[in-house]
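J.: Enclosed is the structure file model-v3.cif (mmCIF, C-alpha atoms).
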data_protein
#
loop_
_atom_site.label_atom_id
_atom_site.label_comp_id
_atom_site.auth_asym_id
_atom_site.auth_seq_id
_atom_site.Cartn_x
_atom_site.Cartn_y
_atom_site.Cartn_z
CA MET A 714 -34.02 -14.30 -0.54
CA ASP A 715 -32.15 -13.04 -3.60
CA LEU A 716 -28.54 -14.20 -3.65
CA ARG A 717 -25.86 -12.08 -5.29
CA PHE A 718 -22.76 -13.50 -6.92
CA GLY A 719 -19.42 -11.99 -7.84
CA ILE A 720 -16.37 -13.16 -9.77
CA LYS A 721 -12.74 -12.27 -9.06
CA LEU A 722 -9.53 -12.64 -11.07
CA SER A 723 -6.65 -11.96 -8.73
CA GLN A 724 -3.20 -12.04 -10.34
CA ALA A 725 -0.84 -13.82 -12.75
CA ALA A 726 -2.97 -12.91 -15.76
CA PRO A 727 -2.46 -10.68 -18.81
CA ILE A 728 -4.64 -7.61 -19.27
CA ASP A 729 -6.62 -9.31 -22.05
CA ASP A 730 -7.77 -11.95 -19.54
CA TYR A 731 -8.97 -9.27 -17.11
CA LEU A 732 -10.87 -7.54 -19.89
CA HIS A 733 -12.49 -10.84 -20.82
CA VAL A 734 -13.53 -11.50 -17.21
CA TRP A 735 -15.03 -8.02 -16.87
CA ARG A 736 -17.00 -8.34 -20.11
CA THR A 737 -18.26 -11.78 -19.12
CA ALA A 738 -19.31 -10.49 -15.70
CA ASP A 739 -21.14 -7.56 -17.29
CA GLU A 740 -22.90 -9.59 -19.96
CA GLY A 741 -23.22 -12.96 -18.21
CA GLY A 742 -25.49 -12.05 -15.31
CA TRP A 743 -22.97 -11.60 -12.50
CA ASP A 744 -23.79 -9.03 -9.81
CA HIS A 745 -20.25 -7.81 -9.10
CA VAL A 746 -16.68 -8.24 -10.34
CA TRP A 747 -13.48 -7.85 -8.31
CA VAL A 748 -9.72 -7.44 -8.33
CA MET A 749 -7.28 -7.69 -5.42
CA ASP A 750 -4.83 -5.16 -4.01
CA HIS A 751 -1.15 -6.08 -3.72
CA ILE A 752 2.06 -4.49 -4.92
CA ALA A 753 3.92 -7.77 -5.42
CA ALA A 754 2.52 -11.18 -6.28
CA LEU A 755 1.57 -13.60 -3.55
CA GLY A 756 2.81 -17.16 -3.33
CA ALA A 757 6.17 -18.66 -4.16
CA ASP A 758 6.71 -16.72 -7.40
CA VAL A 759 6.94 -13.05 -6.47
CA ASN A 760 7.80 -12.30 -10.11
CA ALA A 761 4.29 -13.21 -11.26
CA PRO A 762 2.51 -10.25 -12.88
CA ILE A 763 0.20 -8.09 -10.83
CA PHE A 764 -1.37 -4.73 -11.67
CA ASP A 765 -2.44 -1.76 -9.58
CA ALA A 766 -5.85 -2.32 -8.03
CA TRP A 767 -7.22 1.20 -8.37
CA ALA A 768 -6.08 1.67 -11.97
CA MET A 769 -7.77 -1.66 -12.67
CA GLN A 770 -11.00 -0.53 -11.02
CA ALA A 771 -10.99 2.63 -13.13
CA ALA A 772 -10.61 0.44 -16.22
CA MET A 773 -13.41 -1.83 -15.01
CA ALA A 774 -15.63 1.21 -14.57
CA VAL A 775 -15.31 2.34 -18.18
CA THR A 776 -15.36 -1.10 -19.84
CA THR A 777 -18.57 -2.29 -18.14
CA THR A 778 -22.06 -0.80 -18.00
CA ARG A 779 -24.12 -2.81 -15.53
CA VAL A 780 -22.11 -4.95 -13.11
CA ARG A 781 -20.97 -3.51 -9.79
CA LEU A 782 -17.24 -3.52 -9.16
CA GLY A 783 -14.64 -3.35 -6.45
CA CYS A 784 -11.41 -4.52 -4.86
CA MET A 785 -11.52 -7.44 -2.45
CA VAL A 786 -9.98 -5.77 -0.48
CA THR A 787 -7.86 -2.60 -0.59
CA GLY A 788 -4.96 -2.71 1.86
CA ASN A 789 -5.17 0.35 4.06
CA SER A 790 -1.43 0.25 4.68
CA TYR A 791 -0.56 1.11 1.05
CA ARG A 792 -2.16 4.56 0.78
CA HIS A 793 -3.06 7.60 2.83
CA PRO A 794 -6.82 7.57 3.53
CA GLY A 795 -7.22 10.96 1.85
CA MET A 796 -5.80 9.54 -1.37
CA LEU A 797 -7.90 6.40 -0.99
CA ALA A 798 -11.08 8.45 -0.57
CA LYS A 799 -10.20 10.40 -3.73
CA LEU A 800 -9.48 7.24 -5.74
CA ALA A 801 -12.77 5.68 -4.65
CA THR A 802 -14.74 8.80 -5.52
CA THR A 803 -13.13 8.90 -8.96
CA VAL A 804 -14.04 5.27 -9.68
CA ASP A 805 -17.56 5.83 -8.37
CA HIS A 806 -18.00 8.68 -10.88
CA LEU A 807 -16.40 6.75 -13.75
CA SER A 808 -18.78 3.84 -13.11
CA GLY A 809 -21.90 5.92 -12.65
CA GLY A 810 -22.20 4.90 -9.00
CA ARG A 811 -21.35 1.18 -9.18
CA LEU A 812 -18.41 1.03 -6.75
CA GLU A 813 -18.34 -1.42 -3.84
CA PHE A 814 -15.58 -0.13 -1.53
CA GLY A 815 -13.61 -3.02 -0.01
CA ILE A 816 -11.00 -2.32 2.66
CA GLY A 817 -8.85 -4.23 5.15
CA ALA A 818 -5.95 -3.53 7.47
CA GLY A 819 -3.17 -5.04 5.30
CA TRP A 820 -1.10 -8.08 6.18
CA ASN A 821 1.62 -9.13 3.72
CA GLU A 822 4.90 -8.51 5.51
CA SER A 823 7.20 -9.37 2.59
CA GLU A 824 5.90 -6.72 0.21
CA HIS A 825 5.93 -4.09 2.96
CA THR A 826 9.56 -4.97 3.62
CA MET A 827 10.60 -4.83 -0.04
CA TYR A 828 8.92 -1.45 -0.57
CA GLY A 829 9.92 0.07 2.76
CA LEU A 830 6.33 0.41 3.98
CA ASP A 831 5.49 0.35 7.66
CA LEU A 832 3.27 -2.65 8.35
CA GLY A 833 3.31 -2.39 12.14
CA THR A 834 1.81 -4.73 14.68
CA VAL A 835 -1.69 -6.12 14.34
CA ARG A 836 -2.90 -3.57 16.89
CA GLN A 837 -1.27 -0.70 15.00
CA ARG A 838 -2.78 -1.87 11.71
CA MET A 839 -6.23 -2.06 13.24
CA ASP A 840 -5.82 1.36 14.84
CA ARG A 841 -4.81 2.78 11.44
CA LEU A 842 -7.77 1.14 9.77
CA GLU A 843 -10.19 2.60 12.30
CA GLU A 844 -8.75 6.09 11.83
CA ALA A 845 -8.84 5.66 8.04
CA LEU A 846 -12.51 4.68 8.09
CA GLN A 847 -13.35 7.77 10.14
CA ILE A 848 -11.42 9.98 7.71
CA ILE A 849 -12.76 8.44 4.50
CA THR A 850 -16.41 8.57 5.57
CA SER A 851 -15.94 12.18 6.68
CA LEU A 852 -14.29 13.20 3.40
CA TRP A 853 -17.15 11.60 1.50
CA SER A 854 -19.85 13.41 3.46
CA ARG A 855 -18.63 16.71 4.94
CA PRO A 856 -17.53 19.98 3.30
CA ARG A 857 -14.23 19.99 5.25
CA THR A 858 -12.48 17.41 7.38
CA SER A 859 -10.06 17.98 10.24
CA PHE A 860 -8.66 14.99 12.06
CA ASP A 861 -6.02 14.70 14.76
CA GLY A 862 -5.27 11.03 15.26
CA VAL A 863 -2.29 8.95 16.26
CA HIS A 864 -1.52 7.87 12.69
CA TYR A 865 -3.17 10.49 10.47
CA ARG A 866 -3.74 14.24 10.65
CA LEU A 867 -5.89 16.37 8.36
CA ALA A 868 -6.35 20.13 8.60
CA ASP A 869 -9.54 21.52 7.09
CA ALA A 870 -9.21 19.12 4.15
CA VAL A 871 -11.36 19.58 1.06
CA ALA A 872 -12.60 16.52 -0.86
CA GLU A 873 -14.62 17.40 -3.95
CA PRO A 874 -16.54 16.05 -5.67
CA LYS A 875 -18.40 13.73 -3.35
CA PRO A 876 -19.19 10.18 -4.51
CA VAL A 877 -22.15 9.58 -6.80
CA GLN A 878 -23.63 7.14 -4.29
CA ARG A 879 -25.19 8.80 -1.30
CA PRO A 880 -24.51 8.85 1.51
CA GLN A 881 -21.47 6.85 0.33
CA PRO A 882 -20.40 3.77 -1.64
CA PRO A 883 -21.10 0.54 0.25
CA ILE A 884 -18.18 -0.33 2.52
CA TRP A 885 -16.99 -3.95 2.62
CA ILE A 886 -14.59 -4.80 5.45
CA GLY A 887 -12.58 -7.97 5.00
CA GLY A 888 -11.33 -10.12 7.86
CA SER A 889 -12.46 -12.32 10.72
CA GLY A 890 -10.74 -11.01 13.83
CA PRO A 891 -13.40 -11.31 16.53
CA ARG A 892 -12.27 -8.44 18.73
CA ARG A 893 -11.27 -5.58 16.43
CA THR A 894 -12.23 -6.44 12.85
CA LEU A 895 -15.79 -7.45 13.64
CA ARG A 896 -16.15 -4.42 15.87
CA LEU A 897 -15.21 -2.20 12.93
CA VAL A 898 -17.65 -4.13 10.75
CA ALA A 899 -20.39 -3.35 13.26
CA GLN A 900 -19.46 0.33 13.31
CA TYR A 901 -18.73 1.07 9.64
CA ALA A 902 -19.49 -1.73 7.19
CA ASP A 903 -22.36 -2.35 4.82
CA ALA A 904 -20.89 -5.80 4.09
CA TRP A 905 -18.59 -8.17 5.97
CA ASN A 906 -16.37 -10.39 3.85
CA ASP A 907 -14.80 -13.61 5.10
CA THR A 908 -12.21 -15.57 3.15
CA THR A 909 -11.28 -18.61 5.21
CA SER A 910 -14.09 -19.76 7.51
CA SER A 911 -16.24 -22.85 7.12
CA PRO A 912 -20.00 -22.38 7.46
CA GLU A 913 -19.80 -23.55 11.08
CA GLU A 914 -16.98 -21.14 11.88
CA LEU A 915 -18.81 -18.34 10.11
CA ALA A 916 -21.92 -18.93 12.22
CA ALA A 917 -19.85 -18.59 15.40
CA LEU A 918 -18.23 -15.38 14.14
CA ASP A 919 -21.64 -14.03 13.15
CA ALA A 920 -22.78 -14.39 16.75
CA VAL A 921 -19.77 -12.27 17.78
CA LEU A 922 -20.68 -9.67 15.15
CA GLU A 923 -24.23 -9.48 16.49
CA ARG A 924 -22.88 -8.78 19.98
CA HIS A 925 -20.72 -5.97 18.61
CA CYS A 926 -23.76 -4.58 16.80
CA ALA A 927 -25.69 -4.56 20.06
CA ASP A 928 -22.83 -2.73 21.78
CA VAL A 929 -22.73 0.04 19.15
CA GLY A 930 -26.49 0.27 18.60
CA ARG A 931 -26.48 -1.15 15.06
CA ASP A 932 -29.08 -3.43 13.52
CA PRO A 933 -27.09 -6.50 12.36
CA ALA A 934 -29.57 -6.97 9.51
CA GLU A 935 -28.07 -3.84 7.90
CA ILE A 936 -24.79 -5.72 7.28
CA ARG A 937 -24.53 -8.11 4.34
CA ARG A 938 -22.69 -11.37 5.09
CA THR A 939 -20.38 -12.31 2.22
CA VAL A 940 -17.72 -14.94 1.54
CA GLN A 941 -15.00 -15.59 -1.01
CA LEU A 942 -14.75 -19.14 -2.35
CA ARG A 943 -11.80 -20.34 -4.41
CA LEU A 944 -12.67 -22.34 -7.51
CA ALA A 945 -9.24 -23.99 -7.85
CA GLY A 946 -9.56 -27.69 -7.15
CA ARG A 947 -13.37 -27.60 -7.12
CA SER A 948 -15.85 -29.00 -9.62
CA VAL A 949 -18.75 -26.74 -10.55
CA GLU A 950 -21.01 -29.64 -9.60
CA GLU A 951 -19.97 -29.10 -5.97
CA LEU A 952 -21.02 -25.47 -5.94
CA PRO A 953 -24.81 -25.68 -5.35
CA ALA A 954 -24.32 -27.68 -2.15
CA LEU A 955 -21.44 -25.43 -1.06
CA VAL A 956 -23.50 -22.30 -1.67
CA ALA A 957 -26.43 -23.83 0.23
CA SER A 958 -24.21 -24.51 3.25
CA TYR A 959 -23.25 -20.84 3.47
CA VAL A 960 -26.76 -19.58 2.76
CA ALA A 961 -27.93 -21.69 5.71
CA VAL A 962 -25.80 -19.56 8.08
CA GLY A 963 -26.94 -16.22 6.67
CA VAL A 964 -24.60 -15.51 3.74
CA THR A 965 -26.32 -13.56 0.96
CA GLU A 966 -23.40 -12.82 -1.38
CA LEU A 967 -20.64 -15.08 -2.64
CA VAL A 968 -17.54 -14.14 -4.61
CA PHE A 969 -15.88 -16.90 -6.61
CA VAL A 970 -12.11 -16.55 -7.00
CA LEU A 971 -10.85 -17.84 -10.33
CA PRO A 972 -7.74 -20.03 -10.34
CA TRP A 973 -4.48 -18.39 -11.31
CA GLY A 974 -2.93 -19.16 -14.66
CA ALA A 975 -4.11 -20.87 -17.81
CA HIS A 976 -7.29 -22.38 -16.32
CA ALA A 977 -8.86 -19.07 -15.25
CA LEU A 978 -10.95 -18.41 -18.34
CA ARG A 979 -12.13 -21.99 -18.69
CA SER A 980 -13.19 -21.91 -15.04
CA LEU A 981 -15.01 -18.63 -15.69
CA ASP A 982 -17.01 -20.19 -18.53
CA GLU A 983 -17.90 -23.21 -16.40
CA VAL A 984 -19.10 -21.25 -13.38
CA THR A 985 -20.99 -18.73 -15.53
CA ALA A 986 -22.87 -21.62 -17.11
CA VAL A 987 -24.09 -22.85 -13.69
CA LEU A 988 -24.87 -19.39 -12.30
CA PRO A 989 -28.65 -19.78 -12.89
CA ARG A 990 -28.60 -23.00 -10.82
CA LEU A 991 -26.74 -21.26 -8.02
CA ARG A 992 -29.35 -18.49 -7.88
CA GLU A 993 -32.03 -21.13 -7.30
CA VAL A 994 -30.38 -22.05 -4.00
CA GLY A 995 -31.72 -18.83 -2.47
#
Rewrite the structure of this file - the entire thing - as structure tokens.

T.:
Amino acid sequence: MDLRFGIKLSQAAPIDDYLHVWRTADEGGWDHVWVMDHIAALGADVNAPIFDAWAMQAAMAVTTTRVRLGCMVTGNSYRHPGMLAKLATTVDHLSGGRLEFGIGAGWNESEHTMYGLDLGTVRQRMDRLEEALQIITSLWSRPRTSFDGVHYRLADAVAEPKPVQRPQPPIWIGGSGPRRTLRLVAQYADAWNDTTSSPEELAALDAVLERHCADVGRDPAEIRRTVQLRLAGRSVEELPALVASYVAVGVTELVFVLPWGAHALRSLDEVTAVLPRLREVG
């Protein structure tokens, strides 16, 4: 089994640090490189710097040549799905077909409040996400799209050009909700991304995903199992055993999240140096 590895710099970093991470990912043997999608910084310091995720992905596309790229994950609640489909198509063209399209329902109440955005209940967010996935995949594949949903309406909408990748860029859905999120993964996703579960918890959730796949007539082997692992507070010497524990429950792709602040680039150098050892785990 060939493992794939990604690296992610999230926030609280100057642009020069992002550019350095992207170059290192492109030249240092990483398979994909990621940003995150928030309007305001997370954590106690909401004044920490954070940049727009889709502008960053466009920049990633034109400053790299090999590595695949994406956002882990785009919050559906920030943008109309028609605009999101257009942004993704643009980045796919700028990158020559290297976009990995990550999406989730959205969750951060404080930034929705400060910007006057409607977050809604968990059920409403999941309903919106399901409608958005239907719209985006239609805009990517059909000459015209009409849609009459509860949350979104499109009337004979044109979306040209189509993405470079056919039939569409790979869709990553982030989250672990067993009833709705994993159902949407079974229906729409090429990759499922988990951010918080232990290997044992992930194995239990994977069994739920397989049941959803059976319900919708999908082969679960078509869906890549992926996790995000934070490097803050971890030694690189711990990583081979940690990777092995996730590989044992079916994970094939791991995204390492760099620590925020001054230690990010040093951590990047350390984990890049052990990347060949991590590949041997597979």

J.: Write out as number ranges by chain each polymer residue whose atoms come within 6 Å of A:Ile720, counting all atoms listed in the file; drop sequence neighbours fewer than 4 positions from it.

T.: A: 746, 968-969

J.: With only C-alpha atoms as the basis for distance, which of A:Val877, A:Leu978, A:Val970, A:Ala954 is at the shortest distance from A:Arg990?

T.: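 That would be A:Ala954, the residue with the smallest distance to A:Arg990.
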
J.: Calculate how many Å separate atom CA of A:Glu966 from atom CA of A:Thr939, rounding to one decimal.

T.: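 Between atom CA of A:Glu966 and atom CA of A:Thr939 the gap is 4.7 Å.
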
J.: List, as an MDAnalysis selection string, every residue that the PyMOL selection byres ((chain A and resi 836) around 12) selects in the file provided.

T.: chainID A and resid 818:820 832:835 837:843 890 892:894

J.: Given the choices A:Leu991, A:Leu971, A:Val964, A:Leu846, which gets closest to A:Asn906 if the distance is worked out from all atoms listed in the file?

T.: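 Smallest distance to A:Asn906 is found for A:Val964.
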
J.: Got a sec: who's within 7 Å of stretch 801-806 of chain A, counting all atoms listed in the file, leaving out chain neighbours fewer than 5 positions off, as number ranges by chain?

T.: A: 770-771, 774, 811-812, 875-877

J.: Deliver the residues from the most recent selection as a file, using C-alpha atoms, as a short mmCIF file (atom, residue, chain, number, x, y, z; two decimals), in the frame of the given file.

T.:
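File produced: again22.cif:
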data_model
loop_
_atom_site.label_atom_id
_atom_site.label_comp_id
_atom_site.auth_asym_id
_atom_site.auth_seq_id
_atom_site.Cartn_x
_atom_site.Cartn_y
_atom_site.Cartn_z
CA GLN A 770 -11.00 -0.53 -11.02
CA ALA A 771 -10.99 2.63 -13.13
CA ALA A 774 -15.63 1.21 -14.57
CA ARG A 811 -21.35 1.18 -9.18
CA LEU A 812 -18.41 1.03 -6.75
CA LYS A 875 -18.40 13.73 -3.35
CA PRO A 876 -19.19 10.18 -4.51
CA VAL A 877 -22.15 9.58 -6.80
#

J.: Given the file above and the PyMOL selection byres ((chain A and resi 884) around 10), which residues are selected, and can you give them as number ranges by chain?

T.: A: 812-816, 846, 850, 881-883, 885-887, 898, 901-905, 936

J.: Please indicate the distance in Å from atom CA of A:Leu915 to atom CA of A:Ala766, rounded to one decimal place.

T.: 27.5 Å

J.: Please report the interatomic distance between atom CA of A:Thr787 and atom CA of A:Val748 in Å with one decimal.

T.: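 Interatomic distance here is 9.3 Å.
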
J.: Taking the file above as input, evaluate the PyMOL selection byres ((chain A and resi 781) around 6) and report the hits as a ChimeraX atom specification.

T.: /A:745,780,782,811

J.: What's the 7 Å shell around A:Pro953, counting all atoms listed in the file, without same-chain residues fewer than 3 positions away, as a CSV table (one decimal) with C-alpha atoms, in the frame of the given file?

T.:
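Saved file around21.csv follows:
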chain,number,residue,atom,x,y,z
A,950,GLU,CA,-21.0,-29.6,-9.6
A,956,VAL,CA,-23.5,-22.3,-1.7
A,957,ALA,CA,-26.4,-23.8,0.2
A,991,LEU,CA,-26.7,-21.3,-8.0
A,994,VAL,CA,-30.4,-22.0,-4.0
